[in-house]
Each structure stands twice: as structure tokens, then as C-alpha cells.
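Note: the block below is query-v3.txt and it holds compact mmCIF, C-alpha atoms and all ligand atoms.
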# COMPACT_ATOMS: atom_id res chain seq x y z
CA MET Z 30 21.63 -15.03 -22.28
CA GLY Z 31 24.81 -14.98 -20.16
CA TYR Z 32 26.53 -18.15 -19.06
CA ASN Z 33 25.22 -19.52 -15.76
CA LEU Z 34 27.47 -21.65 -13.64
CA GLN Z 35 26.20 -24.91 -12.18
CA ILE Z 36 27.45 -25.05 -8.60
CA THR Z 37 28.90 -28.48 -7.88
CA GLU Z 38 30.14 -29.71 -4.50
CA ASN Z 39 33.72 -28.98 -5.62
CA ILE Z 40 32.85 -25.41 -6.51
CA GLU Z 41 31.06 -25.00 -3.17
CA LYS Z 42 34.29 -26.17 -1.44
CA TYR Z 43 36.30 -23.70 -3.54
CA ILE Z 44 33.93 -20.88 -2.54
CA GLU Z 45 34.46 -21.82 1.10
CA GLU Z 46 38.25 -21.91 0.67
CA TYR Z 47 38.47 -18.47 -0.92
CA SER Z 48 35.81 -16.63 1.11
CA GLN Z 49 36.16 -15.45 4.69
CA SER Z 50 36.77 -18.34 7.09
CA LEU Z 51 33.80 -19.98 8.72
CA HIS Z 52 33.64 -19.83 12.51
CA PRO Z 53 34.94 -23.11 14.05
CA VAL Z 54 31.46 -23.90 15.40
CA GLN Z 55 29.88 -23.36 11.94
CA LYS Z 56 32.41 -25.94 10.68
CA GLU Z 57 31.50 -28.24 13.56
CA ILE Z 58 27.78 -28.05 12.74
CA ILE Z 59 28.49 -28.85 9.07
CA LEU Z 60 30.61 -31.85 10.11
CA TYR Z 61 27.91 -33.01 12.50
CA ASN Z 62 25.23 -32.69 9.81
CA GLU Z 63 27.40 -34.70 7.42
CA SER Z 64 27.36 -37.53 9.96
CA LEU Z 65 23.55 -37.60 9.69
CA GLY Z 66 23.62 -38.75 6.04
CA GLU Z 67 20.75 -37.61 3.80
CA VAL Z 68 19.33 -35.30 6.47
CA LYS Z 69 22.34 -33.00 6.08
CA LYS Z 70 20.55 -31.58 3.02
CA MET Z 71 18.36 -29.70 5.49
CA GLN Z 72 21.09 -27.17 6.29
CA ILE Z 73 21.64 -24.08 4.14
CA SER Z 74 24.72 -24.04 1.88
CA VAL Z 75 27.95 -22.29 2.81
CA SER Z 76 27.38 -19.58 0.18
CA GLN Z 77 23.93 -18.95 1.70
CA CYS Z 78 25.60 -18.54 5.14
CA TYR Z 79 27.95 -15.91 3.66
CA PHE Z 80 25.09 -14.14 1.92
CA LEU Z 81 22.96 -13.93 5.08
CA GLU Z 82 25.93 -12.65 7.05
CA LEU Z 83 26.75 -10.00 4.46
CA ILE Z 84 23.19 -8.73 4.10
CA ILE Z 85 22.81 -8.41 7.89
CA LYS Z 86 26.07 -6.51 8.21
CA ILE Z 87 25.56 -4.08 5.34
CA SER Z 88 21.95 -3.41 6.36
CA ASN Z 89 22.89 -3.09 10.04
CA PHE Z 90 19.96 -5.35 10.92
CA LYS Z 91 19.38 -5.84 14.64
CA SER Z 92 16.43 -8.18 14.86
CA VAL Z 93 15.83 -11.38 12.93
CA LEU Z 94 13.10 -14.02 13.02
CA GLU Z 95 13.93 -17.46 11.66
CA VAL Z 96 11.44 -20.20 10.84
CA GLY Z 97 13.33 -23.54 10.75
CA THR Z 98 16.40 -23.88 12.99
CA PHE Z 99 17.35 -27.57 12.60
CA THR Z 100 20.85 -28.03 14.15
CA GLY Z 101 21.54 -24.30 13.98
CA LEU Z 102 23.79 -23.52 10.98
CA SER Z 103 21.68 -20.64 9.59
CA THR Z 104 20.83 -19.34 13.08
CA LEU Z 105 24.47 -19.26 14.12
CA SER Z 106 25.52 -17.60 10.84
CA ILE Z 107 22.94 -14.88 11.43
CA ALA Z 108 23.92 -14.45 15.10
CA LEU Z 109 27.60 -14.11 14.20
CA ALA Z 110 26.73 -11.28 11.80
CA LEU Z 111 24.58 -9.42 14.35
CA SER Z 112 26.19 -6.84 16.62
CA ASN Z 113 26.14 -7.49 20.37
CA ASP Z 114 22.81 -5.70 20.81
CA GLY Z 115 21.22 -7.77 18.01
CA LYS Z 116 18.83 -10.69 18.54
CA ILE Z 117 17.44 -13.62 16.62
CA VAL Z 118 14.28 -15.52 17.51
CA ALA Z 119 14.59 -19.03 16.03
CA LEU Z 120 11.54 -21.29 15.65
CA ASP Z 121 11.45 -25.05 15.26
CA LYS Z 122 9.14 -27.81 16.45
CA ASP Z 123 11.85 -30.46 16.97
CA ILE Z 124 13.10 -30.53 20.56
CA LYS Z 125 16.00 -32.90 19.80
CA THR Z 126 17.65 -30.91 17.00
CA ASN Z 127 16.91 -27.73 18.94
CA GLN Z 128 18.89 -28.99 21.94
CA LEU Z 129 21.84 -29.75 19.66
CA ALA Z 130 21.54 -26.27 18.16
CA VAL Z 131 21.45 -24.61 21.59
CA ASN Z 132 24.64 -26.47 22.58
CA PHE Z 133 26.36 -25.20 19.42
CA PHE Z 134 25.19 -21.62 20.16
CA LYS Z 135 26.67 -21.82 23.67
CA LYS Z 136 29.93 -23.24 22.34
CA ALA Z 137 30.20 -20.30 19.91
CA SER Z 138 29.32 -17.84 22.74
CA GLN Z 139 26.37 -16.56 20.71
CA ASP Z 140 23.56 -17.84 22.95
CA ASN Z 141 23.06 -14.34 24.41
CA LYS Z 142 21.73 -13.19 21.02
CA ILE Z 143 19.57 -16.25 20.26
CA LYS Z 144 16.15 -17.15 21.64
CA THR Z 145 14.84 -20.50 20.45
CA ILE Z 146 11.15 -21.40 20.67
CA VAL Z 147 10.16 -25.05 20.26
CA LYS Z 148 6.62 -25.61 19.00
CA PRO Z 149 4.78 -25.48 15.66
CA ALA Z 150 5.93 -22.23 14.07
CA LEU Z 151 2.43 -21.02 13.13
CA GLU Z 152 1.53 -20.82 16.85
CA THR Z 153 4.55 -18.68 17.65
CA LEU Z 154 4.04 -16.49 14.59
CA GLN Z 155 0.48 -15.74 15.70
CA GLU Z 156 1.73 -14.85 19.20
CA LEU Z 157 4.43 -12.56 17.80
CA ARG Z 158 1.75 -10.92 15.63
CA ASN Z 159 -0.57 -10.45 18.63
CA ASN Z 160 2.31 -8.80 20.51
CA ASN Z 161 2.97 -6.45 17.56
CA GLU Z 162 6.58 -7.61 17.30
CA ILE Z 163 8.53 -6.21 14.34
CA PHE Z 164 11.76 -7.59 12.83
CA ASP Z 165 14.31 -6.31 10.30
CA LEU Z 166 14.58 -9.69 8.60
CA VAL Z 167 12.47 -12.84 8.49
CA PHE Z 168 14.21 -15.97 7.22
CA ILE Z 169 11.95 -18.88 6.17
CA ASP Z 170 13.33 -22.43 5.88
CA ALA Z 171 10.81 -24.90 7.31
CA ASP Z 172 7.95 -27.15 6.06
CA LYS Z 173 7.10 -26.19 2.49
CA GLU Z 174 3.35 -26.84 2.90
CA ASN Z 175 3.16 -23.78 5.16
CA TYR Z 176 5.37 -21.46 3.11
CA LYS Z 177 2.50 -19.20 2.00
CA LYS Z 178 1.38 -18.77 5.61
CA TYR Z 179 4.94 -18.15 6.80
CA TYR Z 180 5.38 -15.57 4.05
CA ASP Z 181 2.11 -13.81 5.00
CA TYR Z 182 3.22 -13.66 8.64
CA GLY Z 183 6.64 -12.49 7.44
CA VAL Z 184 5.08 -9.55 5.61
CA GLN Z 185 3.18 -8.58 8.77
CA LEU Z 186 6.15 -9.04 11.10
CA VAL Z 187 8.83 -7.25 9.09
CA LYS Z 188 9.43 -3.49 9.08
CA LYS Z 189 8.97 -1.37 5.94
CA SER Z 190 12.00 -1.97 3.66
CA GLY Z 191 12.85 -5.00 5.79
CA LEU Z 192 13.53 -8.34 4.10
CA ILE Z 193 11.88 -11.74 3.96
CA ILE Z 194 14.31 -14.36 2.66
CA VAL Z 195 12.98 -17.77 1.68
CA ASP Z 196 15.05 -20.91 1.03
CA ASN Z 197 14.50 -23.80 -1.45
CA VAL Z 198 12.56 -21.75 -4.01
CA LEU Z 199 14.27 -23.51 -6.94
CA TRP Z 200 13.71 -26.98 -5.46
CA HIS Z 201 16.81 -28.57 -7.03
CA GLY Z 202 15.89 -26.82 -10.31
CA GLU Z 203 12.72 -28.91 -10.63
CA VAL Z 204 10.39 -25.89 -10.59
CA ALA Z 205 11.67 -24.94 -14.06
CA ASP Z 206 11.04 -28.40 -15.53
CA PRO Z 207 7.46 -28.49 -16.87
CA LYS Z 208 7.57 -32.31 -16.97
CA ASN Z 209 8.16 -32.49 -13.23
CA ASN Z 210 4.93 -32.48 -11.27
CA GLY Z 211 6.13 -33.84 -7.95
CA LYS Z 212 4.15 -32.79 -4.86
CA PHE Z 213 6.81 -30.46 -3.46
CA THR Z 214 7.81 -29.12 -6.86
CA ASN Z 215 4.21 -27.97 -7.32
CA ILE Z 216 3.99 -26.57 -3.79
CA ILE Z 217 7.10 -24.45 -4.39
CA ARG Z 218 5.86 -23.41 -7.86
CA GLU Z 219 2.57 -22.21 -6.38
CA PHE Z 220 4.45 -20.43 -3.62
CA ASN Z 221 6.70 -18.63 -6.12
CA LYS Z 222 3.64 -17.49 -8.09
CA TYR Z 223 1.96 -16.33 -4.88
CA VAL Z 224 4.96 -14.19 -3.96
CA LYS Z 225 5.38 -12.85 -7.49
CA ASP Z 226 1.70 -11.74 -7.54
CA ASP Z 227 1.94 -10.03 -4.16
CA ASN Z 228 2.36 -6.28 -4.44
CA LYS Z 229 3.29 -5.81 -0.78
CA THR Z 230 6.88 -6.77 -1.57
CA GLU Z 231 9.34 -6.61 -4.45
CA GLN Z 232 11.20 -9.84 -5.04
CA VAL Z 233 14.27 -11.34 -6.63
CA ILE Z 234 15.22 -15.02 -6.84
CA LEU Z 235 18.93 -15.69 -6.39
CA PRO Z 236 20.53 -19.00 -7.49
CA LEU Z 237 22.29 -19.53 -4.15
CA GLY Z 238 22.16 -23.00 -2.63
CA ASP Z 239 18.72 -24.39 -3.43
CA GLY Z 240 17.48 -20.89 -4.37
CA PHE Z 241 16.83 -17.86 -2.19
CA THR Z 242 13.95 -15.45 -2.78
CA VAL Z 243 14.75 -12.08 -1.29
CA CYS Z 244 11.62 -9.95 -0.76
CA ARG Z 245 11.76 -6.31 0.29
CA LYS Z 246 8.64 -5.02 2.01
CA LEU Z 247 7.25 -1.96 0.23
C1 LIG V 301 15.36 -27.30 6.26
S1 LIG V 301 15.38 -27.48 7.99
C2 LIG V 301 16.03 -25.93 8.55
C3 LIG V 301 17.51 -25.83 8.26
C4 LIG V 301 18.22 -24.69 8.96
N1 LIG V 301 17.74 -23.41 8.50
C5 LIG V 301 19.73 -24.82 8.72
O1 LIG V 301 20.31 -24.02 7.99
O2 LIG V 301 20.31 -25.76 9.27
C6 LIG V 301 13.68 -27.35 8.37
C7 LIG V 301 13.33 -27.35 9.84
O3 LIG V 301 11.95 -26.98 9.94
C8 LIG V 301 11.40 -27.64 11.05
N2 LIG V 301 9.94 -27.68 10.91
C9 LIG V 301 9.21 -28.42 10.04
N3 LIG V 301 7.90 -28.17 10.21
C10 LIG V 301 7.80 -27.24 11.21
C11 LIG V 301 6.72 -26.58 11.84
N4 LIG V 301 5.46 -26.80 11.46
N5 LIG V 301 7.00 -25.70 12.81
C12 LIG V 301 8.26 -25.46 13.19
N6 LIG V 301 9.32 -26.05 12.63
C13 LIG V 301 9.11 -26.93 11.65
C14 LIG V 301 12.05 -29.00 11.05
O4 LIG V 301 12.00 -29.56 12.35
C15 LIG V 301 13.46 -28.69 10.56
O5 LIG V 301 14.37 -28.57 11.62

Reformat the file's structure so that it appears as C-alpha cells.
Amino acid sequence: MGYNLQITENIEKYIEEYSQSLHPVQKEIILYNESLGEVKKMQISVSQCYFLELIIKISNFKSVLEVGTFTGLSTLSIALALSNDGKIVALDKDIKTNQLAVNFFKKASQDNKIKTIVKPALETLQELRNNNEIFDLVFIDADKENYKKYYDYGVQLVKKSGLIIVDNVLWHGEVADPKNNGKFTNIIREFNKYVKDDNKTEQVILPLGDGFTVCRKL
């Protein structure tokens, strides 16, 4: 087996230093999240921002659906990668963090590409389904208890060969530790098995941030 690097905070900083520069408002969101203490763990990692941006650019994706906006780091990263005619619909139930996110989007002049919807995501997903909306990419990063449902909606709402990307699938590495039977570890384990057994997509887990599953709809 090849050597696998453990990504420490220092390495993450090094990645940031030697990759393309983050947009000033991406940096501002990260700084703001740091001021929140523990909650900052909610945001995706910098390498996940770069990955999302790259995949959107090389695939020329135009329409993205995001479940879990928080203060807007992943949404803004996606919007910055979209061309001017691209759009992202970003779902979250928290009106306070959503208002902060919207202010950041305006500051980065990306608000024209971003539509935020504030209510429980399952309600919006059902509405999007009823309206036969189709997206190039669905990004899932919200409450883990609903991951299977979000994934099922994702499969219905994404075009053929489109992608569903899911965050936190390695759950700090705990999913691979048989001795760990924490509630969320088990929820993520079950989710990973559910996705693996689904033949509507092909999937790969990437060790980026807290673990990204990238599913391509068949
Ligand atoms: C991990 S954070 C998202 C982080 C974000 N992608 C980023 O990079 O900053 C999860 C978000 O999901 C939202 N959330 C949790 N349960 C939800 C639900 N049932 N419907 C909609 N949003 C929900 C929370 O309010 C929170 O902002």
C-alpha cells in the first residue's frame, strides 16, 4: 500500500500558500468562521474549495444545488468557479448564518449567481423535484441524519453524468475504526454503505478535508 499523508493544519496552510490565491472574501469568511470557535469546523476545508472550483471549471458546469450553506464558504467557492451565466441554489434552514452568507456574496459581487432558500432542505428538495428542476452538480453538506434522503433527491435532481458530492464521509477517520460506535460515526457508515450499494451512481471517496464522496450519475 502506498504512503498516505495525514493532512495537518500546517500542511493545509502550505496547500493554501502554494495553490491559487483565495478570493479576498473567501479569506474573510474563513477569518470570520475562526472567530466563532468550535463552530468553524462546519466550513469545508481550503483544499475542498479548490477541488470544487476545479471540477466545476473543467466540467463547465452551469447549475449547482447546495444543501448546507452556513456562512457561505462553499457556496462562494462554487459561485466564483461558475461562469456569468451559471447559478447556484443554496439551501439552509438558519436565517442568521444565511444573512451573513448573503452579505459575503454581495461583497464578492457574486450574488447575481446565488439564490439562497431558507427553510428545512427536504421541503425545498421536494419542490425542486415537483418542478422537474435538473442540476449539473448537487453538493451535500448539512445534517447527517438526512444524508440518505438528500442523496436520493440528489440522484433525482442531477443530470445523467452529473455529480453528487457529499462532505464528511470519513467523519474524522472514525468510520474506519471498528471500535468507534458513536451515533454520527454509525450514521455516516450506514450512509457510505447505502451509496456503495446503489447502482444508479458510480462513486469514489477522496481523502479531502473530512472526506468527499464524488458520485457520478449513470
Ligand atoms: C456543515 S454546515 C455547512 C457548511 C458549508 N457548506 C460551508 O462550507 O461553510 C451545515 C449547515 O446545514 C444546515 N442545516 C442543518 N440541518 C438542516 C436542514 N434540515 N435543512 C437545511 N439546512 C440544514 C445548518 O444550518 C448548517 O448551516

With a distance cut-off of 12 Å and only C-alpha atoms, select the neighbouring residues of region 184-191 of chain Z, excluding the residue or stretch itself and same-chain residues fewer than 5 positions from it, and output the selection as JSON, numbers by chain. {"Z": [84, 85, 88, 89, 90, 91, 92, 93, 94, 95, 153, 154, 155, 156, 157, 158, 159, 160, 161, 162, 163, 164, 165, 166, 167, 168, 169, 177, 178, 179, 224, 227, 228, 229, 230, 231, 232, 243, 244, 245, 246, 247]}

Using all atoms listed in the file, collect all residues at a distance of at most 12 Å from (26.3, -27.5, -10.6) as written in the file, then present them as a PDB file with C-alpha atoms, in the coordinates of the input.
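File point_39.pdb, as written:
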ATOM      1  CA  ASN Z  33      25.220 -19.520 -15.760  1.00  0.00           C
ATOM      2  CA  LEU Z  34      27.470 -21.650 -13.640  1.00  0.00           C
ATOM      3  CA  GLN Z  35      26.200 -24.910 -12.180  1.00  0.00           C
ATOM      4  CA  ILE Z  36      27.450 -25.050  -8.600  1.00  0.00           C
ATOM      5  CA  THR Z  37      28.900 -28.480  -7.880  1.00  0.00           C
ATOM      6  CA  GLU Z  38      30.140 -29.710  -4.500  1.00  0.00           C
ATOM      7  CA  ASN Z  39      33.720 -28.980  -5.620  1.00  0.00           C
ATOM      8  CA  ILE Z  40      32.850 -25.410  -6.510  1.00  0.00           C
ATOM      9  CA  GLU Z  41      31.060 -25.000  -3.170  1.00  0.00           C
ATOM     10  CA  HIS Z 201      16.810 -28.570  -7.030  1.00  0.00           C
ATOM     11  CA  GLY Z 202      15.890 -26.820 -10.310  1.00  0.00           C
ATOM     12  CA  PRO Z 236      20.530 -19.000  -7.490  1.00  0.00           C
ATOM     13  CA  LEU Z 237      22.290 -19.530  -4.150  1.00  0.00           C
ATOM     14  CA  GLY Z 238      22.160 -23.000  -2.630  1.00  0.00           C
ATOM     15  CA  ASP Z 239      18.720 -24.390  -3.430  1.00  0.00           C
TER      16      ASP Z 239
END

Residue neighbourhood Ala130 (chain Z), 12 Å, only C-alpha atoms, exclusion window fewer than 6 positions, as an NGL selection string: :Z and (54-55 or 57-59 or 61-62 or 72 or 97-105 or 119-121 or 123-124 or 136-137 or 139-140 or 143-147)

In terms of the shortest atom-to-atom distance over only C-alpha atoms and all ligand atoms, which of Z:Ala171, Z:Val198, Z:Ala110, Z:Val131 is closest to ligand LIG 301 (chain V)? Z:Ala171

Between Z:Asp170, Z:Glu45, Z:Asp114, Z:Glu82, which is the closest to ligand LIG 301 (chain V) once you count only C-alpha atoms and all ligand atoms?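 Smallest distance to ligand LIG 301 (chain V) is found for Z:Asp170.
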
If I take CA of Asn209 (chain Z) and CA of Asp226 (chain Z), how far is one from the other in Å, to one decimal?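 About the pair CA of Asn209 (chain Z) and CA of Asp226 (chain Z): they are 22.5 Å apart.
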
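We find CA of Tyr43 (chain Z) and CA of Ile73 (chain Z) to be spaced 16.6 Å apart.
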
Smallest atom-to-atom distance to ligand LIG 301 (chain V): which of Z:Lys86, Z:Lys208, Z:Lys125, Z:Lys116, using all atoms listed in the file?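 Nearest to ligand LIG 301 (chain V): Z:Lys125.
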
Restricting the calculation to all atoms listed in the file, which member of Z:Tyr47, Z:Tyr223, Z:Tyr32, Z:Tyr79 is positioned closest to ligand LIG 301 (chain V)?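 So, comparing all the options, the nearest one is Z:Tyr79.
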
Of the candidates Z:Val204, Z:Ile193, Z:Ile107, Z:Ile216, which shows the shortest atom-to-atom distance to Val233 (chain Z), using only C-alpha atoms?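 The closest residue to Val233 (chain Z) is Z:Ile193.
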
Selected residue of minimal separation from ligand LIG 301 (chain V) among Z:Asn197, Z:Ser48, Z:Asn132, Z:Ser64, counting all atoms listed in the file: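 The closest residue to ligand LIG 301 (chain V) is Z:Asn197.
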
Quick check, in Å to one decimal: how far apart do CA of Ile217 (chain Z) and CA of Leu192 (chain Z) lie?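 Going from CA of Ile217 (chain Z) over to CA of Leu192 (chain Z), I get 19.3 Å.
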
Can you pull out every residue within 7 Å of Pro149 (chain Z), counting all atoms listed in the file, but drop anything in the same chain fewer than 2 positions away, and send it as a PyMOL selection string? chain Z and resi 121-122+151-152

Please define a box with edges along x, y and z of the file around all atoms of region 169-173 of chain Z given in the file, extend it by 8 Å on each side, and return its centre and edge lengths in Å to one decimal, as JSON.
{"center_x": 10.2, "center_y": -23.0, "center_z": 4.9, "size_x": 22.2, "size_y": 24.3, "size_z": 20.8}
